[in-house]
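Have a look at query18.cif; it's mmCIF, C-alpha atoms:
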data_structure
#
loop_
_atom_site.label_atom_id
_atom_site.label_comp_id
_atom_site.auth_asym_id
_atom_site.auth_seq_id
_atom_site.Cartn_x
_atom_site.Cartn_y
_atom_site.Cartn_z
CA MET A 28 10.73 -18.09 -0.82
CA LYS A 29 8.31 -16.66 1.77
CA LYS A 30 7.87 -13.46 -0.24
CA ILE A 31 7.24 -15.45 -3.43
CA LYS A 32 4.50 -17.39 -1.66
CA TYR A 33 3.06 -14.16 -0.35
CA LEU A 34 3.10 -12.59 -3.81
CA LEU A 35 1.28 -15.63 -5.20
CA ARG A 36 -1.34 -15.22 -2.48
CA LEU A 37 -1.77 -11.57 -3.46
CA ILE A 38 -2.33 -12.60 -7.07
CA LEU A 39 -4.96 -15.10 -5.93
CA ILE A 40 -6.63 -12.44 -3.80
CA TYR A 41 -6.60 -10.01 -6.74
CA PHE A 42 -8.47 -12.33 -9.09
CA THR A 43 -10.86 -13.41 -6.35
CA PHE A 44 -11.62 -9.73 -5.71
CA ILE A 45 -11.91 -8.80 -9.40
CA PHE A 46 -14.49 -11.53 -9.96
CA LYS A 47 -16.17 -10.61 -6.64
CA LYS A 48 -16.29 -14.18 -5.42
CA GLN A 49 -18.27 -14.40 -2.21
CA THR A 50 -16.45 -17.50 -0.93
CA VAL A 51 -12.65 -17.38 -0.87
CA SER A 52 -10.15 -20.24 -0.86
CA TYR A 53 -7.59 -18.55 1.37
CA LEU A 54 -7.30 -16.84 4.77
CA PRO A 55 -6.63 -13.15 5.50
CA VAL A 56 -3.10 -11.85 4.97
CA LYS A 57 -3.51 -8.74 7.11
CA LEU A 58 -5.17 -7.86 10.41
CA TRP A 59 -5.97 -4.61 12.13
CA VAL A 60 -5.67 -5.44 15.84
CA GLU A 61 -6.90 -2.67 18.08
CA ILE A 62 -4.44 -2.61 20.98
CA SER A 63 -6.32 0.29 22.54
CA ALA A 64 -9.52 2.14 21.71
CA ARG A 65 -8.56 4.91 24.11
CA CYS A 66 -6.72 8.06 23.08
CA ASN A 67 -5.08 10.91 24.95
CA LEU A 68 -5.94 13.48 22.24
CA ARG A 69 -9.10 14.89 20.67
CA CYS A 70 -8.01 15.42 17.07
CA ARG A 71 -10.17 17.26 14.57
CA LEU A 72 -9.72 14.60 11.88
CA CYS A 73 -10.50 11.62 14.11
CA VAL A 74 -13.80 10.21 15.33
CA ASN A 75 -12.37 8.81 18.58
CA LYS A 76 -13.37 11.94 20.49
CA ASP A 77 -17.02 11.25 19.63
CA MET A 78 -17.02 7.65 20.88
CA PRO A 79 -18.86 6.96 24.17
CA GLU A 80 -16.40 6.26 26.96
CA ASP A 81 -18.00 2.89 27.72
CA THR A 82 -17.00 1.69 24.23
CA LYS A 83 -13.27 2.28 24.86
CA GLY A 84 -10.72 -0.03 26.42
CA ASP A 85 -7.39 -1.85 26.00
CA MET A 86 -6.85 -5.33 24.57
CA ASP A 87 -5.91 -7.98 27.10
CA PHE A 88 -2.54 -9.62 26.45
CA VAL A 89 -4.09 -13.10 26.77
CA LEU A 90 -6.58 -12.27 24.00
CA PHE A 91 -3.79 -10.86 21.85
CA LYS A 92 -1.76 -14.05 22.23
CA LYS A 93 -4.82 -16.09 21.21
CA ILE A 94 -5.13 -14.05 18.02
CA ILE A 95 -1.43 -14.42 17.18
CA ASP A 96 -1.39 -18.14 17.94
CA GLU A 97 -4.14 -18.66 15.40
CA ALA A 98 -3.04 -16.13 12.79
CA LYS A 99 0.66 -17.07 12.65
CA ASP A 100 0.09 -19.71 9.96
CA TYR A 101 -1.47 -17.36 7.41
CA VAL A 102 -1.30 -13.66 8.38
CA PHE A 103 1.69 -11.81 6.94
CA ASP A 104 1.53 -8.68 9.09
CA ILE A 105 -0.68 -6.92 11.62
CA ASN A 106 -1.45 -3.29 12.23
CA LEU A 107 -1.22 -2.83 15.99
CA PHE A 108 -3.60 0.12 15.96
CA HIS A 109 -7.06 1.21 14.98
CA ARG A 110 -9.30 3.75 16.71
CA GLY A 111 -7.07 4.69 19.66
CA GLU A 112 -3.49 5.40 20.68
CA SER A 113 -1.72 2.05 20.96
CA LEU A 114 1.05 3.30 23.23
CA ILE A 115 -1.55 3.58 26.00
CA ASN A 116 -1.59 -0.21 26.28
CA PRO A 117 1.02 -1.19 28.90
CA TYR A 118 1.77 -4.45 27.04
CA ILE A 119 2.57 -2.87 23.68
CA VAL A 120 6.24 -3.95 23.72
CA GLU A 121 5.37 -7.51 24.77
CA MET A 122 2.81 -7.65 21.97
CA VAL A 123 5.39 -6.64 19.39
CA GLU A 124 7.81 -9.23 20.77
CA TYR A 125 5.20 -12.00 20.73
CA ALA A 126 4.17 -11.30 17.14
CA ARG A 127 7.80 -11.11 16.07
CA LYS A 128 8.49 -14.45 17.81
CA ASN A 129 5.72 -15.97 15.70
CA LYS A 130 7.15 -14.46 12.48
CA ILE A 131 4.38 -11.92 11.95
CA LYS A 132 5.46 -8.43 10.91
CA THR A 133 4.23 -5.61 13.12
CA ARG A 134 3.16 -2.12 12.14
CA LEU A 135 2.39 0.74 14.49
CA HIS A 136 0.73 4.09 13.85
CA THR A 137 1.01 6.57 16.70
CA ASN A 138 0.64 10.25 17.56
CA GLY A 139 4.01 10.02 19.31
CA THR A 140 2.97 12.03 22.34
CA LEU A 141 3.50 9.19 24.83
CA LEU A 142 6.97 8.21 23.65
CA ASN A 143 9.98 8.53 25.93
CA PRO A 144 13.58 7.34 25.47
CA GLU A 145 13.03 4.11 27.41
CA LEU A 146 9.89 3.11 25.50
CA SER A 147 11.47 4.07 22.17
CA GLU A 148 14.47 1.83 22.81
CA ARG A 149 12.31 -1.07 23.96
CA LEU A 150 10.12 -0.86 20.83
CA ILE A 151 13.14 -0.83 18.55
CA LYS A 152 14.80 -3.75 20.34
CA ALA A 153 11.50 -5.69 20.33
CA GLY A 154 11.75 -5.90 16.54
CA LEU A 155 8.96 -3.55 15.45
CA ASN A 156 8.96 -3.58 11.64
CA PHE A 157 7.22 -0.32 10.83
CA ILE A 158 6.22 2.83 12.68
CA SER A 159 4.32 5.81 11.35
CA PHE A 160 4.07 9.08 13.24
CA SER A 161 1.02 11.19 12.58
CA PHE A 162 1.99 14.85 12.84
CA ASP A 163 -0.68 17.05 11.29
CA GLY A 164 0.88 20.47 11.09
CA TYR A 165 4.14 22.14 10.08
CA THR A 166 3.80 24.89 12.68
CA PRO A 167 2.78 24.88 16.36
CA LYS A 168 -0.42 26.77 15.54
CA THR A 169 -1.64 24.31 12.88
CA TYR A 170 -0.46 21.21 14.71
CA GLU A 171 -2.06 22.11 18.03
CA LYS A 172 -5.28 23.14 16.28
CA ASN A 173 -5.51 19.72 14.63
CA ARG A 174 -3.99 17.61 17.44
CA ILE A 175 -5.97 18.95 20.37
CA GLY A 176 -4.24 18.11 23.64
CA ALA A 177 -0.75 17.78 22.16
CA THR A 178 2.19 20.20 22.27
CA TYR A 179 4.14 20.74 19.05
CA ASP A 180 7.63 20.99 20.53
CA VAL A 181 7.19 18.05 22.91
CA THR A 182 5.90 15.65 20.23
CA LEU A 183 8.48 16.76 17.68
CA ASN A 184 11.24 16.14 20.21
CA ASN A 185 9.80 12.67 21.00
CA ILE A 186 9.99 11.70 17.33
CA LYS A 187 13.49 13.11 16.85
CA GLU A 188 14.66 11.29 19.98
CA PHE A 189 13.20 8.03 18.64
CA LEU A 190 15.17 8.50 15.42
CA LYS A 191 18.36 9.30 17.33
CA ILE A 192 17.98 6.12 19.39
CA LYS A 193 17.36 4.07 16.27
CA LYS A 194 20.52 5.54 14.76
CA ARG A 195 22.53 4.92 17.95
CA LEU A 196 21.42 1.28 17.98
CA ASN A 197 22.43 1.02 14.32
CA SER A 198 19.05 -0.55 13.60
CA SER A 199 17.43 -0.62 10.19
CA MET A 200 14.09 -1.31 11.86
CA PRO A 201 11.54 -0.10 12.30
CA PHE A 202 11.01 1.48 8.90
CA THR A 203 10.08 4.97 10.07
CA GLN A 204 7.51 7.14 8.37
CA LEU A 205 6.26 10.62 9.18
CA GLN A 206 2.72 11.31 8.02
CA VAL A 207 1.13 14.73 7.69
CA MET A 208 -2.37 15.77 6.70
CA GLU A 209 -2.11 19.30 5.33
CA TYR A 210 -5.30 20.55 6.90
CA ASP A 211 -5.77 24.16 7.98
CA GLU A 212 -8.49 26.49 6.72
CA ASP A 213 -6.15 29.47 7.08
CA ILE A 214 -3.27 28.12 4.98
CA SER A 215 -3.15 27.75 1.19
CA GLN A 216 -1.56 24.83 -0.62
CA LYS A 217 1.23 27.14 -1.79
CA GLN A 218 1.94 28.15 1.81
CA PHE A 219 1.91 24.51 2.88
CA ALA A 220 4.64 23.74 0.33
CA ILE A 221 6.89 26.47 1.76
CA LEU A 222 6.25 25.43 5.36
CA LYS A 223 6.96 21.78 4.54
CA GLU A 224 10.49 22.51 3.33
CA SER A 225 11.33 24.31 6.57
CA PHE A 226 9.70 21.62 8.72
CA LEU A 227 11.62 18.74 7.12
CA LYS A 228 14.93 20.32 8.13
CA ASN A 229 14.15 19.02 11.64
CA PHE A 230 14.99 15.51 10.41
CA GLU A 231 18.22 16.12 8.53
CA GLY A 232 20.82 13.54 9.51
CA LEU A 233 18.24 11.34 11.21
CA SER A 234 17.00 7.92 10.09
CA LEU A 235 13.60 9.00 8.79
CA ASN A 236 12.80 6.60 5.93
CA LYS A 237 9.75 8.23 4.42
CA PHE A 238 7.63 11.37 4.52
CA VAL A 239 4.02 11.12 3.40
CA ILE A 240 1.25 13.65 2.84
CA ARG A 241 -2.15 12.05 3.34
CA THR A 242 -5.61 13.25 2.36
CA PRO A 243 -8.19 13.10 5.17
CA HIS A 244 -11.00 10.57 4.72
CA ASN A 245 -14.45 10.42 6.25
CA TRP A 246 -14.18 7.20 8.30
CA GLY A 247 -17.08 5.49 6.57
CA GLY A 248 -19.20 8.64 6.62
CA SER A 249 -18.65 9.20 10.36
CA LEU A 250 -16.60 12.38 9.90
CA LYS A 251 -17.51 15.53 7.99
CA ILE A 252 -14.47 17.24 6.53
CA THR A 253 -14.32 20.51 4.61
CA GLY A 254 -11.69 23.13 3.85
CA ILE A 255 -8.86 24.07 1.52
CA GLY A 256 -7.34 21.11 -0.25
CA ILE A 257 -10.14 18.73 0.75
CA LYS A 258 -12.04 17.05 -2.03
CA ASN A 259 -15.55 15.82 -1.41
CA LYS A 260 -15.04 12.26 -2.57
CA ASN A 261 -18.70 11.42 -2.00
CA THR A 262 -19.58 13.36 -5.14
CA LYS A 263 -17.99 10.57 -7.17
CA SER A 264 -19.90 7.49 -8.15
CA PHE A 265 -19.67 4.36 -6.04
CA THR A 266 -16.98 2.17 -7.63
CA SER A 267 -17.23 -0.94 -5.43
CA SER A 268 -13.45 -0.70 -5.10
CA CYS A 269 -13.25 -1.69 -1.44
CA THR A 270 -10.78 -4.55 -1.14
CA PHE A 271 -10.89 -5.06 2.64
CA PRO A 272 -13.47 -7.91 2.72
CA TRP A 273 -11.23 -9.96 0.43
CA TYR A 274 -7.94 -9.81 2.31
CA ALA A 275 -8.24 -8.49 5.86
CA LEU A 276 -10.15 -8.39 9.13
CA THR A 277 -10.33 -5.79 11.90
CA ILE A 278 -10.43 -6.86 15.54
CA PHE A 279 -11.57 -4.42 18.22
CA PHE A 280 -9.96 -4.40 21.67
CA ASP A 281 -12.73 -6.62 23.08
CA GLY A 282 -12.35 -9.33 20.41
CA LYS A 283 -15.28 -8.30 18.21
CA VAL A 284 -14.44 -8.66 14.52
CA TYR A 285 -15.35 -6.34 11.64
CA PRO A 286 -14.55 -6.48 7.91
CA CYS A 287 -12.96 -3.06 7.59
CA PRO A 288 -11.06 -0.46 9.68
CA GLN A 289 -13.29 2.30 8.26
CA ASP A 290 -16.23 0.91 10.25
CA PHE A 291 -15.28 3.11 13.19
CA TYR A 292 -18.39 2.49 15.27
CA GLY A 293 -18.48 -1.24 14.57
CA GLU A 294 -21.76 -1.37 12.68
CA ILE A 295 -21.02 -4.50 10.63
CA LEU A 296 -20.20 -7.16 13.20
CA VAL A 297 -18.96 -10.36 11.53
CA GLY A 298 -17.76 -12.36 14.52
CA ASP A 299 -16.02 -12.55 17.89
CA VAL A 300 -12.61 -14.17 18.39
CA ASN A 301 -13.59 -14.99 21.97
CA LYS A 302 -16.09 -17.48 20.52
CA ASP A 303 -15.05 -18.26 16.94
CA SER A 304 -11.84 -18.71 14.99
CA LEU A 305 -10.66 -16.17 12.42
CA ARG A 306 -10.67 -19.05 9.95
CA THR A 307 -14.40 -19.53 10.48
CA ILE A 308 -15.25 -15.83 10.57
CA PHE A 309 -13.47 -14.95 7.32
CA ASN A 310 -15.80 -17.14 5.26
CA ASN A 311 -18.98 -17.07 7.33
CA GLU A 312 -22.36 -16.07 5.93
CA ILE A 313 -22.02 -12.42 6.99
CA MET A 314 -18.72 -12.03 5.13
CA ARG A 315 -20.03 -13.85 2.08
CA SER A 316 -23.10 -11.63 2.05
CA LEU A 317 -20.97 -8.49 2.30
CA ARG A 318 -18.76 -9.57 -0.61
CA ARG A 319 -21.87 -10.43 -2.60
CA SER A 320 -23.27 -6.94 -2.06
CA PHE A 321 -20.27 -5.38 -3.83
CA ARG A 322 -21.05 -7.05 -7.12
CA ASN A 323 -21.99 -5.07 -10.23
CA SER A 324 -20.88 -1.75 -8.69
CA LYS A 325 -24.15 -1.42 -6.81
CA THR A 326 -24.08 0.72 -3.69
CA VAL A 327 -23.60 -1.45 -0.65
CA ARG A 328 -26.72 -1.34 1.49
CA GLU A 329 -24.95 -1.73 4.82
CA HIS A 330 -23.85 1.48 6.47
CA PRO A 331 -21.07 2.63 6.65
CA CYS A 332 -20.03 1.21 3.25
CA SER A 333 -22.64 3.22 1.36
CA ASN A 334 -21.28 6.48 2.80
CA CYS A 335 -17.56 5.65 2.70
CA ASP A 336 -15.32 7.76 0.49
CA ARG A 337 -12.90 4.82 0.22
CA CYS A 338 -15.45 3.20 -2.11
CA ARG A 339 -15.13 6.17 -4.47
CA ARG A 340 -11.38 6.18 -4.98
CA LYS A 341 -9.67 6.09 -8.35
CA THR A 342 -8.66 2.58 -9.36
CA LEU A 343 -6.06 0.86 -11.50
CA LEU A 344 -6.96 -2.57 -12.83
CA GLY A 345 -9.84 -2.55 -10.38
CA ILE A 346 -7.65 -1.85 -7.33
CA PRO A 347 -7.69 1.51 -5.47
CA LYS A 348 -4.61 3.45 -6.62
CA GLU A 349 -4.14 5.38 -3.40
CA TYR A 350 -2.45 2.60 -1.43
CA MET A 351 -1.70 -0.10 -4.01
CA GLY A 352 1.96 0.80 -4.62
CA MET A 353 2.63 1.47 -0.95
CA PHE A 354 0.98 -1.82 0.04
CA LEU A 355 3.19 -3.85 -2.28
CA LYS A 356 6.39 -2.01 -1.39
CA ASP A 357 5.79 -2.24 2.35
CA SER A 358 4.81 -5.89 2.14
CA LEU A 359 7.63 -7.12 -0.04
CA LYS A 360 10.57 -4.90 0.92
CA LYS A 361 13.53 -6.50 2.63
CA GLU A 362 13.31 -6.42 6.42
#

Please go through the file and, once you have read it, give me the structure as structure tokens.
Amino acid sequence: MKKIKYLLRLILIYFTFIFKKQTVSYLPVKLWVEISARCNLRCRLCVNKDMPEDTKGDMDFVLFKKIIDEAKDYVFDINLFHRGESLINPYIVEMVEYARKNKIKTRLHTNGTLLNPELSERLIKAGLNFISFSFDGYTPKTYEKNRIGATYDVTLNNIKEFLKIKKRLNSSMPFTQLQVMEYDEDISQKQFAILKESFLKNFEGLSLNKFVIRTPHNWGGSLKITGIGIKNKNTKSFTSSCTFPWYALTIFFDGKVYPCPQDFYGEILVGDVNKDSLRTIFNNEIMRSLRRSFRNSKTVREHPCSNCDRCRRKTLLGIPKEYMGMFLKDSLKKE
């Protein structure tokens, strides 16, 4: 019954988005909650390394509980990550447990470098629904060139150990995904295909649910990416296909709220959960104005939207194709 209600909400969101209504009759179904804006790596395909240190921090557990207490009546799941490495936050397990207690699904994206057997077991037992490991390289040379500060063998062992613990606990959760961006100027796409087959043998017999190859994006124009296999999406016309303002909100570690996780530097501030409710923020004048600016496929004036490659993605029935199928499968699959 819950999934039927959720599917009906998605249908309502779809038509509200297609007709670009500036005022919506529902509340967000998804949140990006930045558990930490700090990171222990300096990855080539991430903007975190360019952020001033005084703009980084960890979310307080009291603030997190406030967000969950309000969102539990309408948010279906939350991404417990954004610009930093969430495992840095010492309350990460308690946050997963608290969200789970309030019947909100939890999703975690991590570089995996800070995992250890104890933390892995605690995350699994806490009821984490989904975890994605970002591992950008099939060989030590490529991985350590992309994931600056990480060691290939150590991180790979952390992920394998997590999967072994999940198998030992006979747990179907979390749904475990391994994500790779095939990015190396010295390797061809044909070579990547060969290396991938060898790399995936590391996970034979383990409970890895999904392997995904992702294409790097420009974080709202904040990151310049070039090289083999990288398409310059900004050469395509602006399609006004950004769906974020119609179904989600992004909350930084300090409680500031933004309409989209691609706004890495927080240039479009729409509210602050320390002062206002998410219910109020989602339909305030700033959000209505942003939705209004996407009408008629006109380039959005606010940066970073006008420079974002996500607004130039291929669409199906008006929805970006890249994540549509994955979004529905991940949202509606049996947990």

message: Show me, as number ranges by chain, the residues that have an atom within 9 Å of Pro272 (chain A) when counting all atoms listed in the file, minus same-chain residues fewer than 5 positions from it.
response: A: 44, 286-287, 309, 314-315, 317-318

field: For region 297-300 of chain A: contacts at 8 Å, only C-alpha atoms, fewer than 5 positions along chain excluded, given as a PyMOL selection string
entry: chain A and resi 94+282-286+305+308+311+313-314

Residues just named, written with C-alpha atoms as an mmCIF file, in the frame of the given file:
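Saved to selection23.cif:
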data_model
loop_
_atom_site.group_PDB
_atom_site.id
_atom_site.type_symbol
_atom_site.label_atom_id
_atom_site.label_comp_id
_atom_site.auth_asym_id
_atom_site.auth_seq_id
_atom_site.Cartn_x
_atom_site.Cartn_y
_atom_site.Cartn_z
ATOM 1 C CA ILE A 94 -5.130 -14.050 18.020
ATOM 2 C CA GLY A 282 -12.350 -9.330 20.410
ATOM 3 C CA LYS A 283 -15.280 -8.300 18.210
ATOM 4 C CA VAL A 284 -14.440 -8.660 14.520
ATOM 5 C CA TYR A 285 -15.350 -6.340 11.640
ATOM 6 C CA PRO A 286 -14.550 -6.480 7.910
ATOM 7 C CA LEU A 305 -10.660 -16.170 12.420
ATOM 8 C CA ILE A 308 -15.250 -15.830 10.570
ATOM 9 C CA ASN A 311 -18.980 -17.070 7.330
ATOM 10 C CA ILE A 313 -22.020 -12.420 6.990
ATOM 11 C CA MET A 314 -18.720 -12.030 5.130
#

- request: For the structure shown, which residues end up in the PyMOL selection byres ((chain A and resi 90-92) around 9)? Put them as a PyMOL selection string, please?
  value: chain A and resi 60+62+86-89+93-97+122+125-126+280-282+300-301

query: Quick one: which residues end up in the PyMOL selection byres ((chain A and resi 273) around 10) for this structure, as a list in words?
result: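 Checking the PyMOL selection byres ((chain A and resi 273) around 10) against this file, the residues are Ile40, Tyr41, Thr43, Phe44, Ile45, Lys47, Lys48, Gln49, Thr50, Val51, Tyr53, Leu54, Pro55, Val56, Cys269, Thr270, Phe271, Pro272, Tyr274, Ala275, Leu276, Pro286, Phe309, Asn310, Met314, Arg315 and Arg318 of chain A.
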
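Nearest residue to Ser63 (chain A), choosing from A:Lys172, A:His136, A:Lys99, A:Arg322 and counting only C-alpha atoms: A:His136.
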
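Going from CA of Glu148 (chain A) to CA of Leu196 (chain A) covers 8.5 Å.
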
Written as a CSV table (one decimal) with C-alpha atoms, in the frame of the given file, what is the full residue list that the PyMOL selection byres ((chain A and resi 235-241) around 9) yields on the file shown?
chain,number,residue,atom,x,y,z
A,190,LEU,CA,15.2,8.5,15.4
A,202,PHE,CA,11.0,1.5,8.9
A,203,THR,CA,10.1,5.0,10.1
A,204,GLN,CA,7.5,7.1,8.4
A,205,LEU,CA,6.3,10.6,9.2
A,206,GLN,CA,2.7,11.3,8.0
A,207,VAL,CA,1.1,14.7,7.7
A,208,MET,CA,-2.4,15.8,6.7
A,209,GLU,CA,-2.1,19.3,5.3
A,227,LEU,CA,11.6,18.7,7.1
A,230,PHE,CA,15.0,15.5,10.4
A,231,GLU,CA,18.2,16.1,8.5
A,232,GLY,CA,20.8,13.5,9.5
A,233,LEU,CA,18.2,11.3,11.2
A,234,SER,CA,17.0,7.9,10.1
A,242,THR,CA,-5.6,13.2,2.4
A,243,PRO,CA,-8.2,13.1,5.2

8 Å contact set for Pro167 (chain A), all atoms listed in the file, chain neighbours under 4 positions out, as a PyMOL selection string: chain A and resi 171+178-180

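The interatomic distance for the pair CA of Asn229 (chain A) and CA of Asn67 (chain A) works out to 24.8 Å.
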
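The spacing separating CA of Asn185 (chain A) from CA of Arg149 (chain A) amounts to 14.3 Å.
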
task: Name the closest residue to Asp290 (chain A) among the candidates A:Ser198, A:Val74, A:Thr82, A:Ala220; distances are taken between atoms, counting all atoms listed in the file.
output: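 Of all the options, A:Val74 lies closest to Asp290 (chain A).
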
message: I'd like to know which of A:Phe321, A:Phe226, A:Tyr292, A:Asn197 is closest to Asp77 (chain A), using only C-alpha atoms.
response: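 Under the stated criterion, the closest residue is A:Tyr292.
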
query: Given the choices A:Gln289, A:Thr133, A:Ser316, A:Ser304, which gets closest to Ala153 (chain A) if the distance is worked out from all atoms listed in the file?
result: A:Thr133

- request: Within 12 Å of Thr182 (chain A), counting all atoms listed in the file, which residues show up once you throw out same-chain ones fewer than 3 positions away? Write them as a ChimeraX atom specification, please.
  value: /A:137-143,160-164,167,170-171,174,176-179,185-189
